[in-house]
Structure formats: C-alpha cells, structure tokens
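Participant: Questions regarding the structure given below will be posed in turn.
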Amino acid sequence: IKVGMISYTYGEINSDRNSPAVNGIQTDSKAAGLINVFDYGSLDMFYAEMENHISAMHAAGAEAIVLYIHWGDEYSVKPTNTQKAIAQRMCDLGVDIIAGSHPHVVQTMELLSSSDGSHQTVCVYSLGNFLSNQRATNIDLTTGHSEDSILFSCTFVKYSDGTVRLEGIHLLPTWVLVRG
C-alpha cells in the first residue's frame, strides 16, 4: 500500500511567500521552500495547496493520505473550532489520517465523515508530549497534562478489488518520566 505523507505547520505568511514566520520566528528565505506553512488568516490558500498536494500524491500512486499538522493552542486539552474546521476540510479533500501536534497535551480523537458522506478521516488533534521536560513544576503550569502522550498507529488493508481502507486504529497512552 502506497501512503502519501505531508506535514504542515502554522505560521505567518508574507505577501510574497518568501520567508514565512514559524512560531513567531522569521525563516531564512533559503528555508522557505523547505517548510510547508499555513496561515490561520489565509486558510483558503492552505486548502488550495493541500488539494494540489493530494492530487499530486494520488497521481504518484498514493492509495492513502496522512497529514501531520502542527496547530492548536498550547496546553489546551480541547481542540479549537479552527482545528475542527480545518480537520473537516481535510476530510472533505480525502485525507485519511490527521496526526496533530503543538498543544503539548493530548487532545481528543475523532472519526470525521466528509460532507458528501463518501469518505472518513481519523483525526488525533494532538498526540501530546512523547518526550519532553515540560513538567508542571518546571514551567509554571496549572496542569500535569504536558506529561502525557499517546502512541498512535493505524492499519490499512488493500482488498482484491484494489480498494484501500483504514481497518484499525491503535492508541497507547504514555507518560513522560524524568529522572533527575
């Protein structure tokens, strides 16, 4: 089974798209073409880019599509309405799996259905912190959720008619142990 994979991070994109800012840090113009950046203020541009990427991946033989996305509000255990809207749009475009990061805490997982009912997408809004030193006591947090994570795996199956379907989702909760 051929799987197309792509990653994006949120940032600010200037009008010439020459050097986006990522996490508030301006990138060098030489690195700009190496980073897939979407801007919350220009989501239509992101959706158009993703549509082109998905078409290109399918043309190259991809039978399933996985999106890794850096998004959301740090330390919030609930996805934002914008995350939910983006996830729904990715489902409508045919993305099969969305694996999110950035909040540094585990957020919910959802099974989305496309607007026309022809496609489903599994979205894990945030996988948490697999490895970090973001202890509640170290960074003045009011929650210990930054010490949690999940390992996420999925199983695709190809049927004799060539159809590829997502058949299994496996989540394993983990906790970061820091020895000092």
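Following the order of the structure tokens, chains are lettered A, B, ..., residues in each are numbered from 1, and ligands are numbered from 1.
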If you run DSSP over the backbone, which residues in stretch 80-120 of chain A end up alpha helix (DSSP H)? Put them as a list of chain:residue names.
Facilitator: A:Asn81, A:Thr82, A:Gln83, A:Lys84, A:Ala85, A:Ile86, A:Ala87, A:Gln88, A:Arg89, A:Met90, A:Cys91, A:Asp92, A:Leu93
Participant: Any chance you could list, as a PyMOL selection string, the residues in stretch 24-99 of chain A that come up strand (DSSP E or B) when DSSP is run on the backbone?
Facilitator: chain A and resi 25-26+37-38+64-70+97-99
Participant: Using only C-alpha atoms, which protein or nucleic acid residues come within 9 Å of stretch 52-59 of chain A? Drop anything in the same chain fewer than 2 positions from it, and give the result as a PyMOL selection string.
Facilitator: chain A and resi 3-6+47-50+61-65+93-95
Participant: Extract, using only C-alpha atoms, all DNA, RNA and protein residues at most 12 Å from A:Gln26, discarding same-chain residues fewer than 6 positions from it, and format them as a list in words.
Facilitator: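 In the requested format, the answer is Gly11, Glu12, Ile13, Asn14, Arg17, Asn18, Ser19, Pro20, Ala32 and Val37 of chain A.
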Participant: Please produce an output containing all heavy atoms for each residue in the selection, written as a CSV table (one decimal), in the first residue's frame.
Facilitator:
```csv
chain,number,residue,atom,x,y,z
A,11,GLY,N,1.9,29.3,10.8
A,11,GLY,CA,2.8,30.4,10.8
A,11,GLY,C,2.2,31.7,10.2
A,11,GLY,O,1.0,31.7,10.0
A,12,GLU,N,3.0,32.7,9.9
A,12,GLU,CA,2.6,33.9,9.3
A,12,GLU,C,3.3,33.9,7.9
A,12,GLU,O,4.5,33.8,7.8
A,12,GLU,CB,2.9,35.1,10.1
A,12,GLU,CG,2.2,35.2,11.4
A,12,GLU,CD,3.0,34.6,12.5
A,12,GLU,OE1,4.2,34.7,12.5
A,12,GLU,OE2,2.3,34.0,13.4
A,13,ILE,N,2.5,34.1,6.9
A,13,ILE,CA,3.0,34.1,5.5
A,13,ILE,C,2.9,35.5,5.0
A,13,ILE,O,1.8,36.1,5.0
A,13,ILE,CB,2.2,33.1,4.6
A,13,ILE,CG1,2.3,31.7,5.1
A,13,ILE,CG2,2.7,33.2,3.2
A,13,ILE,CD1,1.4,30.7,4.4
A,14,ASN,N,4.1,36.1,4.6
A,14,ASN,CA,4.1,37.4,4.0
A,14,ASN,C,3.5,37.3,2.6
A,14,ASN,O,3.4,36.3,2.0
A,14,ASN,CB,5.4,38.1,4.1
A,14,ASN,CG,6.5,37.2,3.5
A,14,ASN,OD1,6.3,36.2,2.8
A,14,ASN,ND2,7.8,37.6,3.6
A,17,ARG,N,5.4,35.3,0.0
A,17,ARG,CA,5.7,33.9,0.5
A,17,ARG,C,7.1,33.6,0.5
A,17,ARG,O,7.5,32.4,0.5
A,17,ARG,CB,4.9,32.9,-0.4
A,17,ARG,CG,3.4,33.0,-0.3
A,17,ARG,CD,2.7,31.9,-1.0
A,17,ARG,NE,3.0,30.6,-0.6
A,17,ARG,CZ,2.6,30.0,0.5
A,17,ARG,NH1,1.7,30.6,1.3
A,17,ARG,NH2,2.9,28.8,0.8
A,18,ASN,N,8.0,34.6,0.6
A,18,ASN,CA,9.4,34.4,0.5
A,18,ASN,C,10.0,33.9,1.8
A,18,ASN,O,11.0,33.1,1.8
A,18,ASN,CB,10.1,35.8,0.1
A,18,ASN,CG,11.5,35.6,-0.3
A,18,ASN,OD1,11.9,34.5,-0.7
A,18,ASN,ND2,12.3,36.6,-0.1
A,19,SER,N,9.5,34.4,3.0
A,19,SER,CA,10.1,33.9,4.2
A,19,SER,C,9.1,33.9,5.3
A,19,SER,O,8.9,34.9,6.0
A,19,SER,CB,11.3,34.8,4.6
A,19,SER,OG,11.0,36.1,4.7
A,20,PRO,N,8.3,32.8,5.5
A,20,PRO,CA,7.3,32.8,6.5
A,20,PRO,C,7.9,32.8,7.9
A,20,PRO,O,9.0,32.4,8.1
A,20,PRO,CB,6.5,31.5,6.2
A,20,PRO,CG,7.6,30.6,5.5
A,20,PRO,CD,8.4,31.6,4.7
A,32,ALA,N,12.5,28.8,3.2
A,32,ALA,CA,11.1,29.0,3.0
A,32,ALA,C,10.5,27.9,2.1
A,32,ALA,O,9.4,27.4,2.4
A,32,ALA,CB,10.8,30.3,2.4
A,37,VAL,N,4.0,25.8,5.3
A,37,VAL,CA,3.4,26.7,6.3
A,37,VAL,C,2.0,27.1,5.9
A,37,VAL,O,1.8,27.4,4.7
A,37,VAL,CB,4.3,27.9,6.5
A,37,VAL,CG1,3.6,28.9,7.5
A,37,VAL,CG2,5.7,27.6,6.9
```
Participant: If we count only C-alpha atoms, what is near A:Ile35 at a cut-off of 9 Å, once residues fewer than 6 positions away on the same chain are taken out, given as a PyMOL selection string?
Facilitator: chain A and resi 7-9+20
Participant: Next, dump the selected residues to file, keeping only N, CA and C atoms, as a compact mmCIF listing (two decimals), in the first residue's frame.
Facilitator:
```txt
# COMPACT_ATOMS: atom_id res chain seq x y z
N SER A 7 3.44 17.16 5.79
CA SER A 7 3.36 17.87 7.07
C SER A 7 3.24 19.37 6.81
N TYR A 8 2.56 20.02 7.74
CA TYR A 8 2.37 21.47 7.70
C TYR A 8 2.49 22.01 9.11
N THR A 9 2.94 23.25 9.21
CA THR A 9 2.95 23.96 10.48
C THR A 9 2.27 25.31 10.30
N PRO A 20 8.32 32.84 5.47
CA PRO A 20 7.27 32.81 6.49
C PRO A 20 7.87 32.81 7.90
```
Participant: At a cut-off of 7 Å, using only C-alpha atoms, what residues contact A:Gly72? Leave out same-chain residues fewer than 5 positions from it and give the result as a list in words.
Facilitator: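 Listing them by chain and then by number gives Pro79, Thr80, Gln83, His102 and Pro103 of chain A.
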Participant: Applying 8 Å and only C-alpha atoms, which residues near A:Ile169 remain after dropping the ones on its own chain fewer than 4 positions away? List them as number ranges by chain.
Facilitator: A: 152-155
Participant: Counting only C-alpha atoms, give me one row per residue of stretch 38-108 of chain A with an atom at most 12 Å from an atom of stretch 171-177 of chain A, showing the shortest contact pair and its distance in Å to one decimal, sorted by chain then residue number, as a Markdown table.
Facilitator:
```
| residue | atom | partner | partner_atom | distance |
| --- | --- | --- | --- | --- |
| A:His104 | CA | A:Val176 | CA | 11.8 |
| A:Val105 | CA | A:Trp175 | CA | 10.9 |
| A:Val106 | CA | A:Pro173 | CA | 9.3 |
| A:Gln107 | CA | A:Pro173 | CA | 11.9 |
| A:Thr108 | CA | A:Leu171 | CA | 11.5 |
```
Participant: So that I have them on file, write out the residues from the current selection with N, CA and C atoms, as an mmCIF file, in the first residue's frame.
Facilitator:
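Now in again.cif:
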```cif
data_model
loop_
_atom_site.group_PDB
_atom_site.id
_atom_site.type_symbol
_atom_site.label_atom_id
_atom_site.label_comp_id
_atom_site.auth_asym_id
_atom_site.auth_seq_id
_atom_site.Cartn_x
_atom_site.Cartn_y
_atom_site.Cartn_z
ATOM 1 N N HIS A 104 1.092 20.309 23.153
ATOM 2 C CA HIS A 104 1.903 19.703 24.220
ATOM 3 C C HIS A 104 1.067 18.920 25.226
ATOM 4 N N VAL A 105 -0.186 18.672 24.896
ATOM 5 C CA VAL A 105 -1.075 17.848 25.712
ATOM 6 C C VAL A 105 -1.871 16.969 24.756
ATOM 7 N N VAL A 106 -2.409 15.879 25.260
ATOM 8 C CA VAL A 106 -3.252 15.025 24.432
ATOM 9 C C VAL A 106 -4.605 15.703 24.240
ATOM 10 N N GLN A 107 -5.046 15.748 22.994
ATOM 11 C CA GLN A 107 -6.394 16.214 22.683
ATOM 12 C C GLN A 107 -7.197 15.034 22.129
ATOM 13 N N THR A 108 -8.459 15.250 21.923
ATOM 14 C CA THR A 108 -9.358 14.179 21.513
ATOM 15 C C THR A 108 -9.039 13.619 20.130
#
```
Participant: Which is closest to A:Thr121 among A:Ser42, A:Gln88, A:Asn81, A:Asn23, if we use only C-alpha atoms?
Facilitator: A:Gln88
Participant: Just give me the gap between atom CA of A:Gln134 and atom CA of A:Ser76 in Å, one decimal is fine.
Facilitator: 14.1 Å
Participant: Grab the atom CA of A:Tyr10 to atom CA of A:Trp71 distance for me, in Å with one decimal place.
Facilitator: 5.9 Å
